[in-house]
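In what follows, a structure is listed as structure tokens, so that the remarks can point back to it.
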Amino acid sequence: MASTRAKRHNNALKWTPQTRAFFAKRRKKSTRLLRHLAWRYATSNNTATIWSGDLCGNTLEIGNQLMNTRSLLLVALLSIFTVTTVLAEEPGDYNFPRECIATEAGYPVPLCGKPLTKTPVVVKQKGDKALKKYPEHFIPEKEILADNEMRITVVGSGNPPLRRGQASTSLLVELGNGDNLIIDVGGGTVPALWSLRVPPALLDKLFVTHLHLDHVGGIFGLWDSMGWARNTPLHVWGASGSMPDLGVAAFVENVQKAGAWHTLSKTGVIASGGMKMVAHEFDGQQFTPEKPRALVYDENGVKIYAFPVDHILIGAVGYRLEWNGLSMVYTGDSIPTKFEAEQAKGVDVFLHELFIDAPTFSEKNNMPLEVAESVADEHTSADMLGRVFSIAKPRLGVGTHFFINEYTVDPAFAEIASTYNGPVVIAQDLMVINVTPEQIVTRMAKTDLLSWAAPAPKTEGQKPPKLDPAPTEGRTQSWVTKTRFKNDEIE
């Protein structure tokens, strides 16, 4: 019986997505019905039956002291309806947490493997050439970017507080010229970043919109790819503040100070090249109506402009990236302004924060309504986001930094639609946007939950990095180290 079930389970791993979806929709109802029928059959034959379900609900085992032919047939039928693919270390085998059904307004429910939009494909220009067809889901290491293609992945789409299904804020921008740029690195985002299988050695450029922890709180995890994956410094771009202590340079210095014990303890154990961070701080007070933006990055054909946004303190900025005729804007957090909308005019993709309404924020976070309203007032409501998009007129507008739930999605889209009628998507973690001269395609990524870091590219004649001398002062006290176990020691 066990070997038969194992064979049947292995065959299930090869089912098509359509077959899996078919059975997934029916699994819960079928399981309840068949459990009841099995109980009726078993008890009618005085059979003692023990039922147990595993934590994932993937299989249902029946242990019988006595089982007749009818029970055996029922168990076989039950196994067919209840078996599904288990989590495996292959991204393509990943099962999204929720069954894909539609909300009342016709949008997919969050976390079901479909983007939250009714326009997953936006055609920029029509021609005789057929548009490129993309797989339903993005699978890391399975798709090579074209020379004229940009891929934007929303690594994290959430807020504080962190939620298991939503990390804080972070974007990864990959370009067809080989460049990889990270914008913000909020708490909880780095594991998802690693799961995209871009070698950490190639993830050494971070652009910070502002220094709220939900936008920079994951920097320790990003920085800690030192030695084993990235042996070069992590470069961090961002604005200065109104005082020296409030800028990106001071932030980077303080992060390195906070990691002093960590880096010293690893010296002599792993390579030291990745133990440094380099701040590229630009003047956060240089902007004026005559100089609304500044070029802060210009390498390899990529231009990135910074511009100020209205988010409490000096030093909060948005970024506009332009490369090879493609463009995107991300504004971090802000009270919406006509100015920021003007900075995003005509871009391919405009990613802008979208904040939940104050009553829901108050209820779900157990905070006084007055406090929730104070927080919401520093952010962008759904109807105001529509007004921003109506000025910028992006080919695709993206609302991010939003609490995605079944009961929040429909009202947000309705509010946006009250002031804007263009293509809009609400971001989820690991939502992927491919941008080409012809089209913009939005879908979800499938990644391995237990992914290892991708190896660094190897070059001909490459030698292992040399280790710096290990520290001699401040090491573990000798009376402790003398008690270490020895390999040849026998009790």
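Chain labels A, B, ... are given in the sequence in which chains occur in the structure tokens; within each chain residues are numbered consecutively from 1, and ligands are likewise numbered from 1 in the order shown.
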
Residues near Glu322 in chain A, cut-off 8 Å, only C-alpha atoms, skip fewer than 3 positions along chain, as a compact mmCIF listing (two decimals) with N, CA and C atoms, in the first residue's frame:
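Result saved to out37.txt:
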```
# COMPACT_ATOMS: atom_id res chain seq x y z
N VAL A 302 23.26 54.02 -17.90
CA VAL A 302 22.15 54.15 -16.96
C VAL A 302 22.23 55.51 -16.27
N LYS A 303 21.14 56.25 -16.32
CA LYS A 303 21.07 57.53 -15.62
C LYS A 303 19.99 57.45 -14.55
N ILE A 304 20.35 57.87 -13.34
CA ILE A 304 19.39 57.90 -12.24
C ILE A 304 19.36 59.31 -11.68
N GLY A 325 16.04 53.93 -23.63
CA GLY A 325 14.68 54.24 -24.03
C GLY A 325 13.61 53.74 -23.09
N LEU A 326 14.00 53.07 -22.00
CA LEU A 326 13.07 52.57 -21.00
C LEU A 326 13.21 53.42 -19.73
N SER A 327 12.15 53.47 -18.94
CA SER A 327 12.20 54.33 -17.76
C SER A 327 11.28 53.83 -16.66
N MET A 328 11.64 54.18 -15.43
CA MET A 328 10.80 53.88 -14.27
C MET A 328 11.05 54.94 -13.20
```

> Where does DSSP see strand (DSSP E or B) in range 203-376 of chain A, if you list the residues as a PyMOL selection string?
Replying inline: chain A and resi 205-207+226+230+234-239+267+270+277-282+294-299+302-308+317-323+326-330+349-353

Spatial neighbours of range 121-134 of chain A, 10 Å, only C-alpha atoms, chain gap at least 4 places, as a short mmCIF file (atom, residue, chain, number, x, y, z; two decimals) with C-alpha atoms, in the first residue's frame:
```cif
data_model
loop_
_atom_site.label_atom_id
_atom_site.label_comp_id
_atom_site.auth_asym_id
_atom_site.auth_seq_id
_atom_site.Cartn_x
_atom_site.Cartn_y
_atom_site.Cartn_z
CA THR A 117 -4.65 43.86 -11.80
CA PHE A 138 8.77 34.08 -13.57
CA GLU A 143 14.81 33.71 -18.41
CA ASP A 348 6.96 53.25 -18.50
CA ARG A 395 2.11 53.42 -19.12
CA LEU A 396 1.66 51.37 -15.94
CA PRO A 423 -3.68 50.56 -16.16
CA ILE A 433 7.33 43.55 -14.32
CA ASN A 434 9.08 43.06 -17.66
CA VAL A 435 9.46 46.23 -19.72
CA THR A 436 10.40 46.24 -23.41
CA PRO A 437 9.94 48.82 -26.18
CA GLU A 438 6.75 47.00 -27.21
CA GLN A 439 5.00 46.01 -23.97
CA ILE A 440 4.88 45.84 -20.18
CA VAL A 441 4.04 42.44 -18.68
CA THR A 442 3.20 41.87 -15.00
CA ARG A 443 3.21 38.45 -13.31
#
```

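Of the listed residues (A:Tyr319, A:Tyr107, A:Tyr330, A:Tyr94), A:Tyr107 comes nearest to Tyr407 in chain A; the distances count only C-alpha atoms.
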
> Within 9 Å of Asp410 in chain A, counting only C-alpha atoms, which residues qualify if same-chain residues fewer than 4 places away don't, as a count of residues only?
Replying inline: 8

> Looking only at the backbone, which of the residues in range 367-446 of chain A does DSSP tag as alpha helix (DSSP H), as a PyMOL selection string?
Replying inline: chain A and resi 369-376+382-392+406-417

Generate the output file for the selected residues, C-alpha atoms, as a short mmCIF file (atom, residue, chain, number, x, y, z; two decimals), in the first residue's frame.
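File written: out29.cif
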```
data_model
loop_
_atom_site.label_atom_id
_atom_site.label_comp_id
_atom_site.auth_asym_id
_atom_site.auth_seq_id
_atom_site.Cartn_x
_atom_site.Cartn_y
_atom_site.Cartn_z
CA LEU A 369 -8.02 56.33 15.35
CA GLU A 370 -6.34 59.68 15.94
CA VAL A 371 -2.90 58.04 15.71
CA ALA A 372 -3.88 56.12 12.57
CA GLU A 373 -5.11 59.32 10.97
CA SER A 374 -1.84 61.07 11.86
CA VAL A 375 0.13 58.29 10.15
CA ALA A 376 -2.14 58.16 7.11
CA ALA A 382 -6.00 55.58 -3.07
CA ASP A 383 -7.95 58.46 -4.60
CA MET A 384 -4.91 60.75 -4.31
CA LEU A 385 -2.78 58.11 -5.99
CA GLY A 386 -5.18 58.23 -8.91
CA ARG A 387 -4.71 61.99 -9.10
CA VAL A 388 -0.92 61.58 -9.16
CA PHE A 389 -1.17 59.01 -11.95
CA SER A 390 -3.56 61.25 -13.91
CA ILE A 391 -0.84 63.93 -14.09
CA ALA A 392 2.12 61.59 -14.67
CA GLU A 406 -9.27 40.44 0.24
CA TYR A 407 -11.22 43.19 1.96
CA THR A 408 -8.69 45.96 1.13
CA VAL A 409 -8.05 45.33 -2.56
CA ASP A 410 -11.47 46.15 -4.03
CA PRO A 411 -11.96 49.43 -2.13
CA ALA A 412 -8.46 50.58 -3.13
CA PHE A 413 -9.05 49.92 -6.82
CA ALA A 414 -12.44 51.64 -6.63
CA GLU A 415 -10.91 54.74 -5.06
CA ILE A 416 -8.09 54.84 -7.63
CA ALA A 417 -10.62 54.47 -10.45
#
```

> Of the candidates A:Val173, A:Met150, A:Val208, A:Val190, which one gets nearest to Ser240 in chain A if we count only C-alpha atoms?
Replying inline: A:Val208

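The nearest approach to Val109 in chain A among the residues A:Ala316, A:Ser362, A:Leu321, A:Ile426, with only C-alpha atoms taken into account, belongs to A:Ile426.
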
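Checking A:Leu354, A:Val248, A:Val255, A:Ala344 one by one against Thr209 in chain A, counting only C-alpha atoms, you find the shortest gap at A:Val248.
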
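CA of Pro336 in chain A sits 28.5 Å away from CA of Leu175 in chain A.
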
>> Could you list, as a PyMOL selection string, every residue within 10 Å of range 453-459 of chain A, counting only C-alpha atoms and ignoring same-chain residues fewer than 4 positions away?
In response: chain A and resi 141+191+193-202+225+228-231+463

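Shortest atom-to-atom contact with Phe361 in chain A among A:Tyr305, A:Asp468, A:Asn159, A:Asn148: A:Asn159, counting only C-alpha atoms.
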
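Distances from A:Ile312, A:Met431, A:Val349, A:Val269 to Ser334 in chain A were compared using only C-alpha atoms, and the smallest one belongs to A:Ile312.
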
Kindly assemble as JSON lines a list of the range 246-276 of chain A residues that lie within 10 Å of range 281-291 of chain A, each paired with its nearest atom pair and their distance in Å to one decimal, using only C-alpha atoms, sorted first by chain and then by ascending residue number.
```
{"residue": "A:Gly247", "atom": "CA", "partner": "A:Glu281", "partner_atom": "CA", "distance": 7.5}
{"residue": "A:Val248", "atom": "CA", "partner": "A:Glu281", "partner_atom": "CA", "distance": 6.0}
{"residue": "A:Ala249", "atom": "CA", "partner": "A:Glu281", "partner_atom": "CA", "distance": 5.8}
{"residue": "A:Ala250", "atom": "CA", "partner": "A:Glu281", "partner_atom": "CA", "distance": 9.4}
{"residue": "A:Val252", "atom": "CA", "partner": "A:Glu281", "partner_atom": "CA", "distance": 9.9}
```
